[in-house]
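Raw coords-v9.pdb, PDB, C-alpha atoms and all ligand atoms:
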```
ATOM      1  CA  MET E   1     -75.223 -78.964  35.801  1.00  0.00           C
ATOM      2  CA  VAL E   2     -74.304 -77.550  32.400  1.00  0.00           C
ATOM      3  CA  ILE E   3     -77.114 -77.670  29.842  1.00  0.00           C
ATOM      4  CA  LEU E   4     -76.336 -77.253  26.163  1.00  0.00           C
ATOM      5  CA  TYR E   5     -79.148 -76.397  23.771  1.00  0.00           C
ATOM      6  CA  ASP E   6     -77.592 -78.081  20.836  1.00  0.00           C
ATOM      7  CA  ALA E   7     -78.082 -79.263  17.265  1.00  0.00           C
ATOM      8  CA  ALA E   8     -75.927 -82.144  16.099  1.00  0.00           C
ATOM      9  CA  ARG E   9     -75.431 -80.695  12.616  1.00  0.00           C
ATOM     10  CA  CYS E  10     -74.530 -77.187  13.807  1.00  0.00           C
ATOM     11  CA  PRO E  11     -70.817 -76.269  13.557  1.00  0.00           C
ATOM     12  CA  TYR E  12     -71.230 -73.452  16.092  1.00  0.00           C
ATOM     13  CA  CYS E  13     -72.539 -76.048  18.556  1.00  0.00           C
ATOM     14  CA  ALA E  14     -69.571 -78.246  17.624  1.00  0.00           C
ATOM     15  CA  ARG E  15     -67.250 -75.532  18.956  1.00  0.00           C
ATOM     16  CA  VAL E  16     -68.939 -75.764  22.348  1.00  0.00           C
ATOM     17  CA  ARG E  17     -69.063 -79.579  22.376  1.00  0.00           C
ATOM     18  CA  ILE E  18     -65.313 -79.698  21.684  1.00  0.00           C
ATOM     19  CA  VAL E  19     -64.528 -77.257  24.503  1.00  0.00           C
ATOM     20  CA  LEU E  20     -66.757 -79.107  26.986  1.00  0.00           C
ATOM     21  CA  ALA E  21     -65.039 -82.382  26.062  1.00  0.00           C
ATOM     22  CA  GLU E  22     -61.562 -80.822  26.291  1.00  0.00           C
ATOM     23  CA  LYS E  23     -62.400 -79.526  29.769  1.00  0.00           C
ATOM     24  CA  GLY E  24     -63.810 -82.866  30.874  1.00  0.00           C
ATOM     25  CA  VAL E  25     -67.080 -81.189  31.866  1.00  0.00           C
ATOM     26  CA  GLU E  26     -70.211 -83.311  31.992  1.00  0.00           C
ATOM     27  CA  TRP E  27     -73.184 -81.740  30.306  1.00  0.00           C
ATOM     28  CA  GLU E  28     -76.778 -82.411  29.431  1.00  0.00           C
ATOM     29  CA  THR E  29     -77.827 -81.998  25.822  1.00  0.00           C
ATOM     30  CA  VAL E  30     -81.191 -80.591  24.788  1.00  0.00           C
ATOM     31  CA  GLU E  31     -81.375 -81.285  21.062  1.00  0.00           C
ATOM     32  CA  ILE E  32     -83.146 -78.544  19.125  1.00  0.00           C
ATOM     33  CA  ASP E  33     -84.858 -79.307  15.831  1.00  0.00           C
ATOM     34  CA  LEU E  34     -83.647 -76.375  13.744  1.00  0.00           C
ATOM     35  CA  ASP E  35     -86.503 -76.871  11.267  1.00  0.00           C
ATOM     36  CA  ASP E  36     -89.115 -76.645  14.011  1.00  0.00           C
ATOM     37  CA  ARG E  37     -87.637 -74.603  16.840  1.00  0.00           C
ATOM     38  CA  PRO E  38     -89.554 -74.482  20.116  1.00  0.00           C
ATOM     39  CA  ARG E  39     -90.938 -71.065  21.037  1.00  0.00           C
ATOM     40  CA  TRP E  40     -89.208 -71.186  24.424  1.00  0.00           C
ATOM     41  CA  LEU E  41     -85.803 -71.114  22.708  1.00  0.00           C
ATOM     42  CA  TYR E  42     -86.448 -67.405  21.944  1.00  0.00           C
ATOM     43  CA  GLU E  43     -86.708 -66.742  25.682  1.00  0.00           C
ATOM     44  CA  LYS E  44     -83.194 -68.126  26.088  1.00  0.00           C
ATOM     45  CA  ASN E  45     -81.819 -66.473  22.960  1.00  0.00           C
ATOM     46  CA  PRO E  46     -83.931 -63.748  21.334  1.00  0.00           C
ATOM     47  CA  VAL E  47     -82.496 -64.561  17.896  1.00  0.00           C
ATOM     48  CA  GLY E  48     -83.571 -68.202  18.291  1.00  0.00           C
ATOM     49  CA  LYS E  49     -80.189 -69.703  17.473  1.00  0.00           C
ATOM     50  CA  VAL E  50     -78.167 -72.505  18.985  1.00  0.00           C
ATOM     51  CA  PRO E  51     -75.872 -73.050  20.786  1.00  0.00           C
ATOM     52  CA  VAL E  52     -77.137 -71.756  24.118  1.00  0.00           C
ATOM     53  CA  LEU E  53     -75.412 -72.801  27.323  1.00  0.00           C
ATOM     54  CA  GLU E  54     -77.052 -72.673  30.715  1.00  0.00           C
ATOM     55  CA  GLU E  55     -75.199 -72.946  34.007  1.00  0.00           C
ATOM     56  CA  ASN E  56     -75.648 -71.449  37.488  1.00  0.00           C
ATOM     57  CA  GLY E  57     -78.504 -69.248  36.265  1.00  0.00           C
ATOM     58  CA  TRP E  58     -76.489 -67.874  33.334  1.00  0.00           C
ATOM     59  CA  ILE E  59     -78.033 -68.312  29.894  1.00  0.00           C
ATOM     60  CA  LEU E  60     -75.372 -67.724  27.287  1.00  0.00           C
ATOM     61  CA  PRO E  61     -75.777 -67.633  23.501  1.00  0.00           C
ATOM     62  CA  GLU E  62     -72.993 -67.081  20.921  1.00  0.00           C
ATOM     63  CA  SER E  63     -70.472 -69.864  20.552  1.00  0.00           C
ATOM     64  CA  ALA E  64     -67.366 -67.649  20.805  1.00  0.00           C
ATOM     65  CA  VAL E  65     -68.651 -66.122  24.063  1.00  0.00           C
ATOM     66  CA  ILE E  66     -69.605 -69.544  25.427  1.00  0.00           C
ATOM     67  CA  CYS E  67     -66.140 -70.927  24.628  1.00  0.00           C
ATOM     68  CA  GLU E  68     -64.473 -68.002  26.424  1.00  0.00           C
ATOM     69  CA  TYR E  69     -66.822 -68.497  29.379  1.00  0.00           C
ATOM     70  CA  LEU E  70     -66.005 -72.206  29.602  1.00  0.00           C
ATOM     71  CA  ASN E  71     -62.284 -71.543  29.313  1.00  0.00           C
ATOM     72  CA  GLU E  72     -62.448 -69.172  32.296  1.00  0.00           C
ATOM     73  CA  ARG E  73     -64.972 -71.157  34.311  1.00  0.00           C
ATOM     74  CA  TYR E  74     -62.981 -74.367  33.873  1.00  0.00           C
ATOM     75  CA  PRO E  75     -59.354 -73.203  33.627  1.00  0.00           C
ATOM     76  CA  GLU E  76     -57.792 -76.616  33.056  1.00  0.00           C
ATOM     77  CA  PRO E  77     -56.512 -77.333  30.505  1.00  0.00           C
ATOM     78  CA  PRO E  78     -56.117 -73.711  29.344  1.00  0.00           C
ATOM     79  CA  LEU E  79     -57.258 -73.166  25.766  1.00  0.00           C
ATOM     80  CA  TRP E  80     -55.352 -69.936  25.162  1.00  0.00           C
ATOM     81  CA  PRO E  81     -51.557 -69.612  25.299  1.00  0.00           C
ATOM     82  CA  ALA E  82     -49.932 -67.844  28.240  1.00  0.00           C
ATOM     83  CA  ASP E  83     -48.275 -65.191  26.070  1.00  0.00           C
ATOM     84  CA  PRO E  84     -50.624 -62.173  25.637  1.00  0.00           C
ATOM     85  CA  GLY E  85     -49.464 -61.468  22.079  1.00  0.00           C
ATOM     86  CA  GLU E  86     -49.994 -65.040  20.998  1.00  0.00           C
ATOM     87  CA  ARG E  87     -53.395 -65.005  22.685  1.00  0.00           C
ATOM     88  CA  ALA E  88     -54.352 -61.789  20.894  1.00  0.00           C
ATOM     89  CA  ALA E  89     -53.331 -63.288  17.548  1.00  0.00           C
ATOM     90  CA  GLY E  90     -55.608 -66.281  18.205  1.00  0.00           C
ATOM     91  CA  ARG E  91     -58.481 -64.036  19.262  1.00  0.00           C
ATOM     92  CA  LEU E  92     -58.027 -61.982  16.111  1.00  0.00           C
ATOM     93  CA  LEU E  93     -58.605 -65.117  14.044  1.00  0.00           C
ATOM     94  CA  VAL E  94     -61.811 -65.873  15.942  1.00  0.00           C
ATOM     95  CA  PHE E  95     -62.863 -62.215  15.526  1.00  0.00           C
ATOM     96  CA  ARG E  96     -62.320 -62.486  11.767  1.00  0.00           C
ATOM     97  CA  PHE E  97     -64.058 -65.825  11.431  1.00  0.00           C
ATOM     98  CA  ASP E  98     -66.544 -64.371   8.917  1.00  0.00           C
ATOM     99  CA  ASP E  99     -63.698 -64.423   6.378  1.00  0.00           C
ATOM    100  CA  LEU E 100     -64.209 -68.203   6.354  1.00  0.00           C
ATOM    101  CA  SER E 101     -67.891 -68.490   7.177  1.00  0.00           C
ATOM    102  CA  LYS E 102     -69.070 -66.125   4.421  1.00  0.00           C
ATOM    103  CA  PRO E 103     -67.578 -68.102   1.510  1.00  0.00           C
ATOM    104  CA  TYR E 104     -68.385 -71.407   3.270  1.00  0.00           C
ATOM    105  CA  TYR E 105     -72.115 -70.619   3.505  1.00  0.00           C
ATOM    106  CA  ALA E 106     -72.083 -69.022   0.045  1.00  0.00           C
ATOM    107  CA  LEU E 107     -70.736 -72.307  -1.330  1.00  0.00           C
ATOM    108  CA  ARG E 108     -73.439 -74.236   0.539  1.00  0.00           C
ATOM    109  CA  ARG E 109     -75.999 -71.979  -1.160  1.00  0.00           C
ATOM    110  CA  GLY E 110     -74.342 -72.720  -4.501  1.00  0.00           C
ATOM    111  CA  GLU E 111     -73.328 -69.113  -5.143  1.00  0.00           C
ATOM    112  CA  GLU E 112     -71.038 -68.381  -8.025  1.00  0.00           C
ATOM    113  CA  GLY E 113     -67.423 -67.625  -7.085  1.00  0.00           C
ATOM    114  CA  ALA E 114     -67.821 -68.979  -3.563  1.00  0.00           C
ATOM    115  CA  ARG E 115     -65.555 -71.938  -4.159  1.00  0.00           C
ATOM    116  CA  GLY E 116     -62.656 -69.684  -5.121  1.00  0.00           C
ATOM    117  CA  SER E 117     -63.176 -67.437  -2.083  1.00  0.00           C
ATOM    118  CA  LEU E 118     -63.314 -70.432   0.247  1.00  0.00           C
ATOM    119  CA  ASP E 119     -60.152 -71.842  -1.333  1.00  0.00           C
ATOM    120  CA  ASP E 120     -58.431 -68.473  -0.764  1.00  0.00           C
ATOM    121  CA  GLU E 121     -59.341 -68.503   2.924  1.00  0.00           C
ATOM    122  CA  LEU E 122     -58.247 -72.120   3.348  1.00  0.00           C
ATOM    123  CA  GLU E 123     -54.956 -71.232   1.672  1.00  0.00           C
ATOM    124  CA  PHE E 124     -54.559 -68.392   4.182  1.00  0.00           C
ATOM    125  CA  LEU E 125     -55.089 -70.826   7.077  1.00  0.00           C
ATOM    126  CA  ASP E 126     -52.625 -73.223   5.449  1.00  0.00           C
ATOM    127  CA  SER E 127     -50.021 -70.447   5.262  1.00  0.00           C
ATOM    128  CA  LEU E 128     -50.502 -69.676   8.974  1.00  0.00           C
ATOM    129  CA  LEU E 129     -50.184 -73.349   9.886  1.00  0.00           C
ATOM    130  CA  ALA E 130     -46.990 -73.642   7.839  1.00  0.00           C
ATOM    131  CA  ARG E 131     -45.480 -71.211  10.376  1.00  0.00           C
ATOM    132  CA  MET E 132     -46.982 -72.463  13.639  1.00  0.00           C
ATOM    133  CA  PRO E 133     -48.430 -75.780  14.777  1.00  0.00           C
ATOM    134  CA  PHE E 134     -51.860 -74.469  15.792  1.00  0.00           C
ATOM    135  CA  LEU E 135     -54.086 -71.527  14.900  1.00  0.00           C
ATOM    136  CA  SER E 136     -53.932 -70.660  18.601  1.00  0.00           C
ATOM    137  CA  GLY E 137     -50.122 -70.546  18.482  1.00  0.00           C
ATOM    138  CA  ARG E 138     -47.824 -73.082  20.066  1.00  0.00           C
ATOM    139  CA  GLY E 139     -50.654 -75.103  21.618  1.00  0.00           C
ATOM    140  CA  PHE E 140     -54.155 -76.254  20.725  1.00  0.00           C
ATOM    141  CA  GLY E 141     -56.789 -73.711  21.723  1.00  0.00           C
ATOM    142  CA  LEU E 142     -59.886 -71.694  20.992  1.00  0.00           C
ATOM    143  CA  ALA E 143     -58.778 -70.446  17.570  1.00  0.00           C
ATOM    144  CA  ASP E 144     -58.425 -74.082  16.456  1.00  0.00           C
ATOM    145  CA  VAL E 145     -61.815 -74.893  17.936  1.00  0.00           C
ATOM    146  CA  GLY E 146     -63.201 -71.799  16.210  1.00  0.00           C
ATOM    147  CA  TYR E 147     -62.314 -72.993  12.711  1.00  0.00           C
ATOM    148  CA  LEU E 148     -62.141 -76.770  12.770  1.00  0.00           C
ATOM    149  CA  PRO E 149     -65.895 -77.603  12.523  1.00  0.00           C
ATOM    150  CA  TRP E 150     -66.155 -75.748   9.185  1.00  0.00           C
ATOM    151  CA  VAL E 151     -62.942 -77.200   7.803  1.00  0.00           C
ATOM    152  CA  LEU E 152     -64.237 -80.709   8.598  1.00  0.00           C
ATOM    153  CA  ARG E 153     -67.596 -79.938   6.954  1.00  0.00           C
ATOM    154  CA  ALA E 154     -65.889 -78.393   3.910  1.00  0.00           C
ATOM    155  CA  ARG E 155     -63.915 -81.621   3.536  1.00  0.00           C
ATOM    156  CA  ASP E 156     -66.609 -84.162   4.382  1.00  0.00           C
ATOM    157  CA  GLN E 157     -69.774 -82.476   3.104  1.00  0.00           C
ATOM    158  CA  LEU E 158     -68.637 -80.063   0.384  1.00  0.00           C
ATOM    159  CA  GLY E 159     -65.911 -82.267  -1.107  1.00  0.00           C
ATOM    160  CA  VAL E 160     -63.081 -79.763  -0.562  1.00  0.00           C
ATOM    161  CA  ASP E 161     -59.758 -81.526  -1.116  1.00  0.00           C
ATOM    162  CA  LEU E 162     -57.429 -80.597   1.744  1.00  0.00           C
ATOM    163  CA  GLU E 163     -54.511 -82.646   0.459  1.00  0.00           C
ATOM    164  CA  ARG E 164     -53.297 -79.755  -1.709  1.00  0.00           C
ATOM    165  CA  LEU E 165     -52.959 -77.722   1.519  1.00  0.00           C
ATOM    166  CA  PRO E 166     -50.362 -79.785   3.386  1.00  0.00           C
ATOM    167  CA  ALA E 167     -50.131 -77.750   6.604  1.00  0.00           C
ATOM    168  CA  LEU E 168     -53.920 -77.563   6.931  1.00  0.00           C
ATOM    169  CA  ALA E 169     -54.325 -81.292   6.166  1.00  0.00           C
ATOM    170  CA  ASP E 170     -51.658 -82.096   8.752  1.00  0.00           C
ATOM    171  CA  TRP E 171     -53.410 -79.867  11.328  1.00  0.00           C
ATOM    172  CA  VAL E 172     -56.698 -81.724  10.749  1.00  0.00           C
ATOM    173  CA  GLU E 173     -54.905 -85.056  11.095  1.00  0.00           C
ATOM    174  CA  ARG E 174     -53.243 -84.006  14.362  1.00  0.00           C
ATOM    175  CA  LEU E 175     -56.455 -82.580  15.788  1.00  0.00           C
ATOM    176  CA  ALA E 176     -58.357 -85.760  14.880  1.00  0.00           C
ATOM    177  CA  GLU E 177     -56.173 -87.581  17.420  1.00  0.00           C
ATOM    178  CA  ARG E 178     -57.859 -85.649  20.234  1.00  0.00           C
ATOM    179  CA  SER E 179     -60.877 -87.478  21.606  1.00  0.00           C
ATOM    180  CA  SER E 180     -62.928 -84.242  21.596  1.00  0.00           C
ATOM    181  CA  VAL E 181     -62.389 -83.897  17.849  1.00  0.00           C
ATOM    182  CA  ALA E 182     -62.667 -87.629  17.059  1.00  0.00           C
ATOM    183  CA  ALA E 183     -66.167 -87.527  18.601  1.00  0.00           C
ATOM    184  CA  GLU E 184     -67.112 -84.677  16.251  1.00  0.00           C
ATOM    185  CA  ILE E 185     -65.777 -86.503  13.197  1.00  0.00           C
ATOM    186  CA  GLU E 186     -67.837 -89.541  14.189  1.00  0.00           C
ATOM    187  CA  LEU E 187     -70.939 -87.402  14.701  1.00  0.00           C
ATOM    188  CA  LEU E 188     -70.421 -85.753  11.311  1.00  0.00           C
ATOM    189  CA  ALA E 189     -70.142 -89.127   9.575  1.00  0.00           C
ATOM    190  CA  ALA E 190     -73.491 -90.162  11.070  1.00  0.00           C
ATOM    191  CA  LEU E 191     -75.426 -87.048   9.943  1.00  0.00           C
TER     192      LEU E 191
HETATM  193  N1  LIG X 201     -73.204 -66.410  15.918  1.00  0.00           N
HETATM  194  C1  LIG X 201     -73.866 -67.593  16.416  1.00  0.00           C
HETATM  195  C2  LIG X 201     -74.369 -68.372  15.204  1.00  0.00           C
HETATM  196  C3  LIG X 201     -75.178 -69.591  15.623  1.00  0.00           C
HETATM  197  C4  LIG X 201     -75.973 -70.142  14.439  1.00  0.00           C
HETATM  198  O1  LIG X 201     -76.044 -69.535  13.347  1.00  0.00           O
HETATM  199  N2  LIG X 201     -76.580 -71.307  14.669  1.00  0.00           N
HETATM  200  C5  LIG X 201     -77.436 -71.856  13.648  1.00  0.00           C
HETATM  201  C6  LIG X 201     -77.334 -73.363  13.578  1.00  0.00           C
HETATM  202  S1  LIG X 201     -75.754 -73.868  12.925  1.00  0.00           S
HETATM  203  C7  LIG X 201     -78.886 -71.549  13.994  1.00  0.00           C
HETATM  204  O2  LIG X 201     -79.291 -71.639  15.153  1.00  0.00           O
HETATM  205  N3  LIG X 201     -79.642 -71.208  12.972  1.00  0.00           N
HETATM  206  C8  LIG X 201     -81.005 -70.868  13.119  1.00  0.00           C
HETATM  207  C9  LIG X 201     -81.281 -69.542  12.463  1.00  0.00           C
HETATM  208  O3  LIG X 201     -80.433 -69.021  11.735  1.00  0.00           O
HETATM  209  O4  LIG X 201     -82.356 -68.994  12.672  1.00  0.00           O
HETATM  210  C10 LIG X 201     -72.915 -68.413  17.267  1.00  0.00           C
HETATM  211  O5  LIG X 201     -71.681 -68.274  17.100  1.00  0.00           O
HETATM  212  O6  LIG X 201     -73.375 -69.150  18.151  1.00  0.00           O
END
```

Spell out the structure here as structure tokens.
Amino acid sequence: MVILYDAARCPYCARVRIVLAEKGVEWETVEIDLDDRPRWLYEKNPVGKVPVLEENGWILPESAVICEYLNERYPEPPLWPADPGERAAGRLLVFRFDDLSKPYYALRRGEEGARGSLDDELEFLDSLLARMPFLSGRGFGLADVGYLPWVLRARDQLGVDLERLPALADWVERLAERSSVAAEIELLAAL
């Protein structure tokens, strides 16, 4: 059985929930109160963060690592393209995710200039999506999963208007048709 130490509001956990749903894997959720984390969580992840995934004796923190693990452990449907170059380009985006997360969290903290930096990064994603249908290339995959939870939160919680970024807005609309993503949008609305 797959166990996910999870927090509903956490976008890193959302990455893992989306991948589990895409793979059709059943999992058990252990909801962690991020404001009052149990001491035992530090035994599973020394930095005390969620998500943590447990399966077959493996205890895995770090959402990007967990997503890669799940994609290999449950190969169908594949969440990276077959072409190695295309796959590398998607992995590069995940590797450079801080380019989005830094301004995103700076804006949440109300830091000056953060809005402009976040807009710049969203414009960069929009320019990529004007050239290809998904951040992962020709098909939906882990680069899309890597970014979507923050784009949804920027739109729904920080009031970022995506309509001025047509390719990005269209990407969100197309992804929302997937049941894995629709479940996240519903969860977000209930927070
Ligand atoms: N790099 C980690 C980040 C996970 C993370 O920051 N999770 C947040 C919740 S959204 C957390 O557990 N925060 C508690 C803390 O920062 O101590 C990942 O990708 O899984």

| task | Convert the output of the PyMOL selection byres (((chain E and resi 165-181) around 9) and not hetatm) on the shown file into explicit residues, formatted as a ChimeraX atom specification. | result | /E:17-22,122-123,125-131,133-134,140,144,148-149,151-152,161-164,182-186

| Residues within 6 Å of ligand LIG 201 (chain X) (all atoms listed in the file), as a VMD selection string? | chain E and resid 10 to 12 48 to 51 62 to 64

Kindly save the residues from that selection, with C-alpha atoms included, as an mmCIF file, in the coordinates of the input.
```
data_model
loop_
_atom_site.group_PDB
_atom_site.id
_atom_site.type_symbol
_atom_site.label_atom_id
_atom_site.label_comp_id
_atom_site.auth_asym_id
_atom_site.auth_seq_id
_atom_site.Cartn_x
_atom_site.Cartn_y
_atom_site.Cartn_z
ATOM 1 C CA CYS E 10 -74.530 -77.187 13.807
ATOM 2 C CA PRO E 11 -70.817 -76.269 13.557
ATOM 3 C CA TYR E 12 -71.230 -73.452 16.092
ATOM 4 C CA GLY E 48 -83.571 -68.202 18.291
ATOM 5 C CA LYS E 49 -80.189 -69.703 17.473
ATOM 6 C CA VAL E 50 -78.167 -72.505 18.985
ATOM 7 C CA PRO E 51 -75.872 -73.050 20.786
ATOM 8 C CA GLU E 62 -72.993 -67.081 20.921
ATOM 9 C CA SER E 63 -70.472 -69.864 20.552
ATOM 10 C CA ALA E 64 -67.366 -67.649 20.805
#
```

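Counting only C-alpha atoms and comparing E:Lys23, E:Arg109, E:Arg138, E:Arg153, the residue that lies closest to Ala89 of chain E is E:Arg138.
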
Considering only C-alpha atoms, return as an mmCIF file with C-alpha atoms, in the frame of the given file whatever protein or nucleic-acid residues lie within 10 Å of Ser117 of chain E, sequence-local ones (same chain, fewer than 4 positions apart) excluded.
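Output (selection_16.cif):
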```cif
data_model
loop_
_atom_site.group_PDB
_atom_site.id
_atom_site.type_symbol
_atom_site.label_atom_id
_atom_site.label_comp_id
_atom_site.auth_asym_id
_atom_site.auth_seq_id
_atom_site.Cartn_x
_atom_site.Cartn_y
_atom_site.Cartn_z
ATOM 1 C CA ASP E 99 -63.698 -64.423 6.378
ATOM 2 C CA LEU E 100 -64.209 -68.203 6.354
ATOM 3 C CA LYS E 102 -69.070 -66.125 4.421
ATOM 4 C CA PRO E 103 -67.578 -68.102 1.510
ATOM 5 C CA TYR E 104 -68.385 -71.407 3.270
ATOM 6 C CA ALA E 106 -72.083 -69.022 0.045
ATOM 7 C CA LEU E 107 -70.736 -72.307 -1.330
ATOM 8 C CA GLU E 112 -71.038 -68.381 -8.025
ATOM 9 C CA GLY E 113 -67.423 -67.625 -7.085
ATOM 10 C CA GLU E 121 -59.341 -68.503 2.924
ATOM 11 C CA LEU E 122 -58.247 -72.120 3.348
ATOM 12 C CA GLU E 123 -54.956 -71.232 1.672
#
```

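Take atom CA of Ala7 of chain E and atom CA of Leu34 of chain E: the distance between them is 7.2 Å.
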
| task | Have a look at atom CA of Ile32 of chain E and atom CA of Glu72 of chain E and let me know their distance in Å, one decimal. | result | 26.3 Å
